[in-house]
Structures are given as C-alpha cells and as structure tokens.
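Take a look at the structure below.
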Amino acid sequence: MSAQAHDDDIRDATRPPPDAVLVQIADYVWNPPAFSGEALGTARYCLIDTLGCGLQALGHTGCTKLMGPVVPGAGMRGGARVPGTAYELDPVTAAFNIGCMIRYLDFNDTWLAAEWGHPSDNLGGILALADYLSRRNLSEGRAPLHLRAVLDAMVMAHEIQGVLALDNGFNRVGLDHVLLVRVATTAVAAKMLGGTRDEILAALTQAWADGGALRTYRHAPNAGSRKSWAAGDATARGVLLALRTLRGEMDIPTVLTARTWGFQDAVNRGKAVTLARPLGSYVMENILFKISFPAEFHAQTAAECAIALHPQVRDRIGRISKITIRTHESAIRIIDKKGKLNNYADRDHCIQYMTAVPLIFGRLTAADYQDEVAADPRIDALRDRMECVEDPQFTRDYLDPDKRSIANGLTVEFDDGSRLPEVVVEYPIGHRRRRQEGIPLLVEKFRRSLALRIAPKNAGKILHLAEDQARLEATAVQDFVGLFVV
C-alpha cells in the first residue's frame with residue numbers, strides 16, 4: 001500500500017463493522033454453549049481454592065495494606081463484601097480487593113500457553129459484582145443470583161482468557177498477561193449486569209482500548225510487589241468498563257485492527273490477535289491448580305523434584321558441586337535468574353530459589369520468600385551452582401494441547417564426583433492428569449485456609465456447601481459470601 005493510500009485509509013471516517021475476534025467473544029458470552037459437568041465441577045473447586053488463597057494472603061501486611069476503600073471511610077452500605085474482612089464496598093473497589101487478595105501469594109490456578117496467566121483472577125470482579133447484584137435485587141424485592149451464575153461466569157472468563165492466551169504471546173512484546181483478565185472480566189461483567197449482545201461487544205472494545213500494562217514489574221531488575229496487585233487492578237477495571245458501557249458508552253469497532261491506531265499496530269507490533277479454537281469450556285477442564293507450593297507455576301515440578309531429593313541431600317548440602325535443572329523454554333525465559341534477589345516478588349519468580357529451599361528444608365511455603373529465610377547463605381550458595389538447560393522435548397510437550405506438561409528434571413552432583421539419579425516430574429499435582437490425586441489435597445488446602453480467618457461454625461457451613469455440586473449451585477450468592485464476613 002502506498003503512503004497516500006495508507007493515509008486515506010486511516011482518515012476514512014466510515015464506521016466499519018466490529019472486529020471479528022470480538023464478535024466471536026461477545027456471541028459466546030451472550031449465548032454460551034451448555035458447559036460440561038467436568039467444567040462446572042472444576043469451577044467449584046476453582047472457586048473454593050481461589051477464595052482459600054485469598055484468606056491465606058490476609059495474613060500478610062503487604063496485602064492488607066492495599067485493601068479497603070480507596071479513600072478511608074468510603075464504604076458502601078449494601079455493597080459487595082470482601083471475604084475474610086468486614087469491608088462493604090462498591091463493586092469496582094471490592095473487585096480490586098478480592099482480586100488483590102486471591103493473587104497476592106501466587107497460589108491460585110494457572111494457565112500456560114504462548115501467554116501465561118491465572119484465569120481465577122477474574123473471580124475478583126465476578127464475585128464482587130454477583131454479591132452486589134444479589135443484595136441489590138433483594139432490597140428491590142427481586143430474586144438474588146445463585147452460585148450457578150458465578151460458576152458459569154467463571155467458566156466463560158477462564159475460556160476467554162485461556163483461549164486468547166493459546167497463540168497470543170503478549171509477553172513477547174513486553175505486555176503483562178493481566179490485560180486478558182481485564183478483557184475477560186469486562187465481557188462477563190457486562191453479561192451479569194444484563195447487557196445485550198451489542199453492549200457486551202461494546203464493553204469488550206473498551207477493554208482492548210486500554211492497551212496493556214508493561215510486565216517489567218515481573219522481571220529483573222524491576223521485579224516487585226505490583227505483580228501481586230496487578231490482576232486486582234485489571235479485574236476491577238473490567239467491572240468499571242462494563243458499568244460505563246451499560247450507561248450508554250459507544251463502541252470502538254476496530255479497536256484491534258484499525259491501521260496505526262488500533263491495538264495490533266499501536267501496541268502488539270503488528271501481530272494479529274487471534275482465537276486458537278472455538279470457545280467452550282476447554283480451559284476450565286484443563287486448568288492447572290497450585291496445590292503444593294505458592295510458587296510461579298513453571299517451577300512447580302522442579303520444587304516437587306527437590307522435595308523428593310531432600311532426604312538424600314539434606315546432610316550433604318555443603319558438598320553439592322552442581323545442580324542441573326532440565327526444563328522448558330518458558331521457564332528459562334521468565335524465572336531463570338542470577339544475582340541478588342531483592343524481595344519476595346523476586347524470589348517466588350526464581351526457579352533456582354524455588355529449588356534450593358526445598359532441597360535444604362524439605363518445604364516451600366509463602367514464609368520461605370521472606371527476608372528471614374532468604375538470609376540463609378546456603379540458598380544463594382546452591383543457586384550459584386545451578387544451571388538451567390532447555391530440553392526441546394519438554395518445550396514441545398509444554399505447548400502440545402493434548403499434553404500441556406510442565407516438566408522439570410533435577411540432577412545433583414557432589415564434590416567427590418558422585419551424582420544422584422535424575423528426578424523428573426512431567427505433570428505437577430495440580431494438572432488435569434493428576435486430578436484424582438490432587439483434589440483431596442486441594443480440599444484440605446481449603447480447609448486449612450478457612451481455619452486461618454473464618455469462625456469454625458461458618459467454616460463448617462462453607463465446607464458443607466462446597467462438597468456438593470448441586471447444593472452449592474443452588475445457594476444464593478449473598479448467603480455464601482456472608483459466611484466469609486468477619
């Protein structure tokens with residue numbers, strides 16, 4: 001195209017039809033398919049696990065200092081409640097609060113593809129809006145929402161975020177994956193608010209018009225605490241954009257494809273945004289749960305390997321001469337770190353740190369990222385002796401939609417020339433292929449989380465609801481959330 005033709009193209013004010021990708025998403029949300037029993041059952045476990053992660057985070061002042069109303073005293077009587085607290089807030093602020101607490105410890109579910117992310121981050125907006133709408137409906141003499149509506153919204157949000165992530169690697173252009181949280185929350189929030197198909201579509205265009213946050217706060221040398229509240233910010237923004245759209249805000253039809261000014265040209269370096277497969281319930285069915293360790297997911301199997309090796313090395317830590325981590329390309333790209341680690345956020349995104357701690361102590365908990373544990377000189381001594389090596393087959397299996405493995409292998413060598421047999425774990429315990437093994441541990445993780453913040457009587461009621469799919473789905477949202485108020 002000539003320069004003149006290009007200029008004429010971008011000056012043409014004829015309003016075009018909306019971008020096809022956004023039409024597909026809006027049609028899906030407006031008229032979703034029947035979701036599989038597996039998807040809805042997995043959504044139930046996702047709901048309780050995500051809330052449990054949030055309750056654990058409330059024990060950390062780094063999280064709680066971010067919570068509450070933006071301006072002290074600016075609560076909202078009859079608004080959305082924040083589980084584990086006494087806050088009653090407008091749904092946008094509540095979405096931030098819930099989103100912040102469920103993401104803070106990096107312990108909720110995960111999706112790995114060309115883009116990475118945590119689709120349960122959308123629960124911040126979904127649950128805040130559902131509680132607000134249920135309480136509003138009751139005050140107006142109308143029926144409340146039930147948890148089946150929350151599970152449906154979770155399946156859709158997971159699907160939108162996860163399918164967009166399959167082929168669109170926004171990390172490769174420096175953007176953070178939370179832009180997909182904003183997009184997915186916006187779509188389902190518009191539906192929950194009673195939006196028409198066209199209003200859902202218009203809201204989606206607004207979500208993409210925000211561009212994307214830079215993911216520099218997840219990487220050396222700038223890794224820091226913003227990564228723990230970025231998803232809360234994104235899901236809250238999704239609720240806000242849905243609310244604004246339903247007040248009549250117009251759409252931006254070619255927000256993705258407009259020459260020069262659209263997302264693809266202006267932000268994504270000319271790369272088209274695509275949907276890799278039809279939208280259904282694939283992502284929820286295949287979601288990865290973090291059950292054993294609050295750690296970046298690419299290192300989950302490395303930590304499992306280290307736990308398995310701990311009994312053989314705990315008395316010989318000082319004699320280890322080399323540790324080889326056989327891994328996949330994505331792990332090397334985002335969590336292979338050398339040099340000084342400056343804070344909690346640095347440590348829980350360093351595969352060497354997440355391997356050294358369980359080798360030494362036989363555990364990896366949230367407390368192990370704090371300065372007190374990190375000061376142990378054995379950790380950095382082991383890190384200095386580690387080498388990450390890509391295994392091309394591990395990388396292929398990671399990207400294979402029928403496998404979706406997250407493999408790591410660990411080999412330990414000693415100063416006398418001896419070595420231990422390599423330990424390899426291909427699928428972490430939270431993987432679909434290990435559901436039968438993982439779900440009882442996930443429920444126990446939730447039980448422990450409840451005990452941290454919730455009175456025993458209410459905790460018992462929550463567990464009673466959570467153990468039965470039909471009973472949970474039929475429970476009114478405001479009653480369920482009310483059990484988490486302290």
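Scheme for the structure tokens: letters A, B, ... for chains in order shown; per-chain residue numbers from 1; ligand numbers from 1 in order shown.
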
Compile the contact shell of stretch 283-291 of chain A as a PyMOL selection string: residues with an atom at most 7 Å away, counting only C-alpha atoms, same-chain residues fewer than 6 positions apart removed.
chain A and resi 38-39+42-43+107-111+155+158-159+162+429-432+441-442

Residue subset to file, keeping N, CA and C atoms, as a PDB file, in the first residue's frame:
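Ended up saving to selection-v3.pdb:
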```pdb
ATOM      1  N   GLU A  38     -17.792 -31.731  33.830  1.00  0.00           N
ATOM      2  CA  GLU A  38     -16.414 -31.609  34.290  1.00  0.00           C
ATOM      3  C   GLU A  38     -16.035 -30.149  34.484  1.00  0.00           C
ATOM      4  N   ALA A  39     -16.449 -29.293  33.548  1.00  0.00           N
ATOM      5  CA  ALA A  39     -16.108 -27.873  33.651  1.00  0.00           C
ATOM      6  C   ALA A  39     -16.744 -27.250  34.886  1.00  0.00           C
ATOM      7  N   THR A  42     -15.092 -28.589  38.047  1.00  0.00           N
ATOM      8  CA  THR A  42     -13.777 -27.980  38.225  1.00  0.00           C
ATOM      9  C   THR A  42     -13.919 -26.532  38.667  1.00  0.00           C
ATOM     10  N   ALA A  43     -14.945 -25.834  38.153  1.00  0.00           N
ATOM     11  CA  ALA A  43     -15.187 -24.454  38.576  1.00  0.00           C
ATOM     12  C   ALA A  43     -15.507 -24.389  40.066  1.00  0.00           C
ATOM     13  N   PHE A 107      -0.712 -18.330  44.473  1.00  0.00           N
ATOM     14  CA  PHE A 107      -1.062 -19.694  44.868  1.00  0.00           C
ATOM     15  C   PHE A 107      -2.358 -20.161  44.203  1.00  0.00           C
ATOM     16  N   ASN A 108      -2.959 -19.318  43.324  1.00  0.00           N
ATOM     17  CA  ASN A 108      -4.212 -19.724  42.678  1.00  0.00           C
ATOM     18  C   ASN A 108      -3.935 -20.370  41.327  1.00  0.00           C
ATOM     19  N   ASP A 109      -4.994 -20.736  40.620  1.00  0.00           N
ATOM     20  CA  ASP A 109      -4.826 -21.561  39.422  1.00  0.00           C
ATOM     21  C   ASP A 109      -4.058 -20.848  38.319  1.00  0.00           C
ATOM     22  N   THR A 110      -3.616 -21.631  37.347  1.00  0.00           N
ATOM     23  CA  THR A 110      -2.677 -21.138  36.336  1.00  0.00           C
ATOM     24  C   THR A 110      -3.029 -21.711  34.967  1.00  0.00           C
ATOM     25  N   TRP A 111      -2.727 -20.913  33.925  1.00  0.00           N
ATOM     26  CA  TRP A 111      -2.874 -21.360  32.546  1.00  0.00           C
ATOM     27  C   TRP A 111      -1.585 -21.037  31.819  1.00  0.00           C
ATOM     28  N   VAL A 155     -16.453 -20.110  34.196  1.00  0.00           N
ATOM     29  CA  VAL A 155     -16.116 -20.934  33.025  1.00  0.00           C
ATOM     30  C   VAL A 155     -15.886 -20.033  31.813  1.00  0.00           C
ATOM     31  N   HIS A 158     -12.613 -17.941  32.253  1.00  0.00           N
ATOM     32  CA  HIS A 158     -11.468 -18.819  32.029  1.00  0.00           C
ATOM     33  C   HIS A 158     -11.273 -19.077  30.532  1.00  0.00           C
ATOM     34  N   GLU A 159     -12.379 -19.342  29.846  1.00  0.00           N
ATOM     35  CA  GLU A 159     -12.282 -19.685  28.424  1.00  0.00           C
ATOM     36  C   GLU A 159     -11.783 -18.515  27.592  1.00  0.00           C
ATOM     37  N   GLY A 162      -8.068 -17.902  28.576  1.00  0.00           N
ATOM     38  CA  GLY A 162      -7.198 -19.012  28.221  1.00  0.00           C
ATOM     39  C   GLY A 162      -7.066 -19.260  26.734  1.00  0.00           C
ATOM     40  N   ILE A 429       1.128 -31.823  40.505  1.00  0.00           N
ATOM     41  CA  ILE A 429      -0.015 -32.465  41.127  1.00  0.00           C
ATOM     42  C   ILE A 429      -1.327 -31.736  40.821  1.00  0.00           C
ATOM     43  N   GLY A 430      -1.264 -30.478  40.434  1.00  0.00           N
ATOM     44  CA  GLY A 430      -2.473 -29.744  40.090  1.00  0.00           C
ATOM     45  C   GLY A 430      -2.923 -29.900  38.658  1.00  0.00           C
ATOM     46  N   HIS A 431      -2.259 -30.759  37.887  1.00  0.00           N
ATOM     47  CA  HIS A 431      -2.571 -30.961  36.468  1.00  0.00           C
ATOM     48  C   HIS A 431      -3.818 -31.829  36.299  1.00  0.00           C
ATOM     49  N   ARG A 432      -4.504 -31.663  35.163  1.00  0.00           N
ATOM     50  CA  ARG A 432      -5.686 -32.480  34.882  1.00  0.00           C
ATOM     51  C   ARG A 432      -5.360 -33.981  34.944  1.00  0.00           C
ATOM     52  N   LEU A 441      -6.190 -33.167  48.172  1.00  0.00           N
ATOM     53  CA  LEU A 441      -5.204 -32.241  48.740  1.00  0.00           C
ATOM     54  C   LEU A 441      -5.662 -30.799  48.585  1.00  0.00           C
ATOM     55  N   LEU A 442      -6.333 -30.497  47.472  1.00  0.00           N
ATOM     56  CA  LEU A 442      -6.867 -29.154  47.262  1.00  0.00           C
ATOM     57  C   LEU A 442      -7.935 -28.830  48.306  1.00  0.00           C
TER      58      LEU A 442
END
```

Nearest candidate to A:Lys271 (options A:Arg172, A:His177, A:His349, A:Arg419; using only C-alpha atoms)
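Answer, going by the shortest atom-to-atom distance: A:Arg172.
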
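Distances to A:Ala331 were evaluated for A:Ile351, A:Val412, A:Ala203, A:Val424 using only C-alpha atoms, and the minimum falls at A:Ile351.
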
Pick from A:Leu58, A:Cys100, A:Ile379, A:Val71 nearest to A:Ile320, counting only C-alpha atoms:
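So, comparing all the options, the nearest one is A:Ile379.
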
From the set A:Ala234, A:Leu105, A:Ala220, A:Val486, which residue has the shortest atom-to-atom contact distance to A:Phe293, counting only C-alpha atoms?
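Selected residue with least distance to A:Phe293: A:Leu105.
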
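You can rank A:Glu390, A:Glu140, A:Asp121, A:Asp315 by their closest distance to A:Ala184 using only C-alpha atoms, and at the top of that list sits A:Asp121.
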
Closest-contact table, stretch 57-122 of chain A side, partner stretch 237-251 of chain A, 9 Å, counting only C-alpha atoms, as JSON lines:
```
{"residue": "A:Pro91", "atom": "CA", "partner": "A:Val239", "partner_atom": "CA", "distance": 7.5}
{"residue": "A:Val92", "atom": "CA", "partner": "A:Val239", "partner_atom": "CA", "distance": 5.9}
{"residue": "A:Ala95", "atom": "CA", "partner": "A:Val239", "partner_atom": "CA", "distance": 7.6}
{"residue": "A:Phe96", "atom": "CA", "partner": "A:Arg237", "partner_atom": "CA", "distance": 8.3}
{"residue": "A:Asn122", "atom": "CA", "partner": "A:Gly238", "partner_atom": "CA", "distance": 9.0}
```

List the neighbours of A:Leu450 out to 8 Å using only C-alpha atoms; skip same-chain residues closer than 2 positions along the sequence, and give me the result as an MDAnalysis selection string.
chainID A and resid 52 55 446:448 452:454 459

Pick from A:Gln469, A:Asn31, A:Gln300, A:Ser228: nearest to A:Gly409, with only C-alpha atoms counted?
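The shortest atom-to-atom distance to A:Gly409 comes from A:Gln300.
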
Just list as a ChimeraX atom specification whatever in stretch 271-482 of chain A DSSP marks as strand (DSSP E).
/A:320-327,386-390,408-414,423-425

For the selection just defined, write its residues with N, CA and C atoms to a file, as a compact mmCIF listing (two decimals), in the first residue's frame.
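Produced file result.txt, reproduced below:
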```txt
# COMPACT_ATOMS: atom_id res chain seq x y z
N ILE A 320 27.49 -30.25 47.72
CA ILE A 320 26.94 -30.21 46.37
C ILE A 320 27.80 -29.31 45.49
N SER A 321 28.24 -29.84 44.36
CA SER A 321 29.09 -29.06 43.45
C SER A 321 28.33 -28.51 42.25
N LYS A 322 27.24 -29.18 41.87
CA LYS A 322 26.49 -28.72 40.70
C LYS A 322 25.07 -29.28 40.75
N ILE A 323 24.12 -28.46 40.31
CA ILE A 323 22.72 -28.88 40.16
C ILE A 323 22.27 -28.49 38.76
N THR A 324 21.82 -29.47 38.00
CA THR A 324 21.32 -29.19 36.65
C THR A 324 19.80 -29.29 36.66
N ILE A 325 19.17 -28.22 36.18
CA ILE A 325 17.71 -28.20 36.05
C ILE A 325 17.38 -28.33 34.57
N ARG A 326 16.89 -29.50 34.19
CA ARG A 326 16.47 -29.73 32.80
C ARG A 326 15.03 -29.25 32.70
N THR A 327 14.78 -28.29 31.81
CA THR A 327 13.50 -27.60 31.85
C THR A 327 13.02 -27.23 30.45
N MET A 386 23.75 -23.81 40.25
CA MET A 386 22.68 -24.34 39.40
C MET A 386 22.81 -23.87 37.96
N GLU A 387 22.42 -24.74 37.06
CA GLU A 387 22.39 -24.42 35.63
C GLU A 387 21.06 -24.90 35.06
N CYS A 388 20.36 -24.00 34.36
CA CYS A 388 19.13 -24.37 33.66
C CYS A 388 19.46 -24.73 32.21
N VAL A 389 18.97 -25.86 31.77
CA VAL A 389 19.22 -26.33 30.41
C VAL A 389 17.89 -26.66 29.76
N GLU A 390 17.64 -26.10 28.59
CA GLU A 390 16.38 -26.40 27.90
C GLU A 390 16.42 -27.79 27.29
N ASN A 408 10.08 -30.70 34.64
CA ASN A 408 11.41 -30.33 35.10
C ASN A 408 12.12 -31.58 35.57
N GLY A 409 13.44 -31.63 35.34
CA GLY A 409 14.28 -32.71 35.84
C GLY A 409 15.43 -32.14 36.64
N LEU A 410 15.81 -32.80 37.72
CA LEU A 410 16.84 -32.28 38.63
C LEU A 410 17.93 -33.33 38.82
N THR A 411 19.18 -32.92 38.57
CA THR A 411 20.34 -33.78 38.80
C THR A 411 21.28 -33.08 39.78
N VAL A 412 21.66 -33.80 40.83
CA VAL A 412 22.55 -33.25 41.86
C VAL A 412 23.88 -33.99 41.81
N GLU A 413 24.98 -33.21 41.74
CA GLU A 413 26.33 -33.76 41.75
C GLU A 413 27.08 -33.28 42.99
N PHE A 414 28.03 -34.10 43.47
CA PHE A 414 28.79 -33.78 44.69
C PHE A 414 30.27 -33.58 44.39
N VAL A 423 15.90 -36.89 38.95
CA VAL A 423 14.48 -37.00 39.29
C VAL A 423 13.72 -36.11 38.32
N VAL A 424 12.70 -36.67 37.66
CA VAL A 424 11.90 -35.92 36.67
C VAL A 424 10.44 -35.98 37.08
N VAL A 425 9.77 -34.83 37.03
CA VAL A 425 8.32 -34.76 37.20
C VAL A 425 7.77 -34.02 35.98
```

Using 12 Å as the limit and counting only C-alpha atoms, can you tabulate each residue of stretch 167-264 of chain A that touches stretch 274-279 of chain A, with its shortest atom-to-atom distance in Å and the two atoms involved, as a tab-separated table?
```
residue	atom	partner	partner_atom	distance
A:Asp167	CA	A:Ala276	CA	6.2
A:Asn168	CA	A:Thr274	CA	6.9
A:Gly169	CA	A:Thr274	CA	10.7
A:Phe170	CA	A:Thr274	CA	11.8
A:Leu256	CA	A:Thr274	CA	10.3
A:Thr257	CA	A:Thr274	CA	11.2
A:Gln264	CA	A:Thr274	CA	10.7
```

Residues of stretch 168-251 of chain A in alpha helix (DSSP H) according to DSSP, as a compact mmCIF listing (two decimals) with C-alpha atoms, in the first residue's frame?
```txt
# COMPACT_ATOMS: atom_id res chain seq x y z
CA VAL A 178 -3.37 -9.14 33.14
CA LEU A 179 -4.69 -7.40 30.02
CA LEU A 180 -6.55 -10.69 29.41
CA VAL A 181 -8.03 -10.54 32.92
CA ARG A 182 -9.40 -7.11 32.07
CA VAL A 183 -10.85 -8.35 28.78
CA ALA A 184 -12.45 -11.47 30.26
CA THR A 185 -13.88 -9.71 33.31
CA THR A 186 -15.31 -6.95 31.16
CA ALA A 187 -17.16 -9.42 28.96
CA VAL A 188 -18.73 -11.48 31.74
CA ALA A 189 -19.44 -8.42 33.91
CA ALA A 190 -21.40 -6.83 31.06
CA LYS A 191 -23.45 -10.03 30.79
CA MET A 192 -24.04 -10.18 34.56
CA ARG A 197 -25.13 -8.80 22.95
CA ASP A 198 -24.19 -5.42 21.43
CA GLU A 199 -23.42 -3.95 24.85
CA ILE A 200 -21.16 -6.89 25.67
CA LEU A 201 -19.38 -6.27 22.37
CA ALA A 202 -19.06 -2.55 23.06
CA ALA A 203 -17.63 -3.23 26.51
CA LEU A 204 -15.05 -5.57 25.01
CA THR A 205 -13.86 -2.86 22.65
CA GLN A 206 -13.35 -0.56 25.64
CA ALA A 207 -11.29 -3.21 27.40
CA TRP A 208 -8.88 -3.52 24.47
CA ALA A 209 -8.66 0.26 24.11
CA ARG A 226 2.99 -4.63 41.79
CA LYS A 227 2.79 -8.09 40.28
CA SER A 228 0.71 -9.08 43.31
CA TRP A 229 -1.99 -6.45 42.78
CA ALA A 230 -1.89 -6.04 39.01
CA ALA A 231 -4.63 -8.63 38.46
CA GLY A 232 -6.84 -6.98 41.09
CA ASP A 233 -6.44 -3.74 39.20
CA ALA A 234 -7.34 -5.46 35.91
CA THR A 235 -10.47 -7.23 37.15
CA ALA A 236 -11.68 -4.05 38.84
CA ARG A 237 -11.14 -2.15 35.60
CA GLY A 238 -13.24 -4.78 33.82
CA VAL A 239 -16.17 -4.14 36.16
CA LEU A 240 -15.77 -0.39 35.72
CA LEU A 241 -15.74 -0.58 31.92
CA ALA A 242 -18.82 -2.82 31.91
CA LEU A 243 -20.69 -0.38 34.15
CA ARG A 244 -19.74 2.57 31.96
CA THR A 245 -20.75 0.78 28.78
```

Residues at most 8 Å from A:Arg363, counting only C-alpha atoms, excluding those fewer than 5 positions away in the same chain, as a PyMOL selection string?
chain A and resi 307+357-358
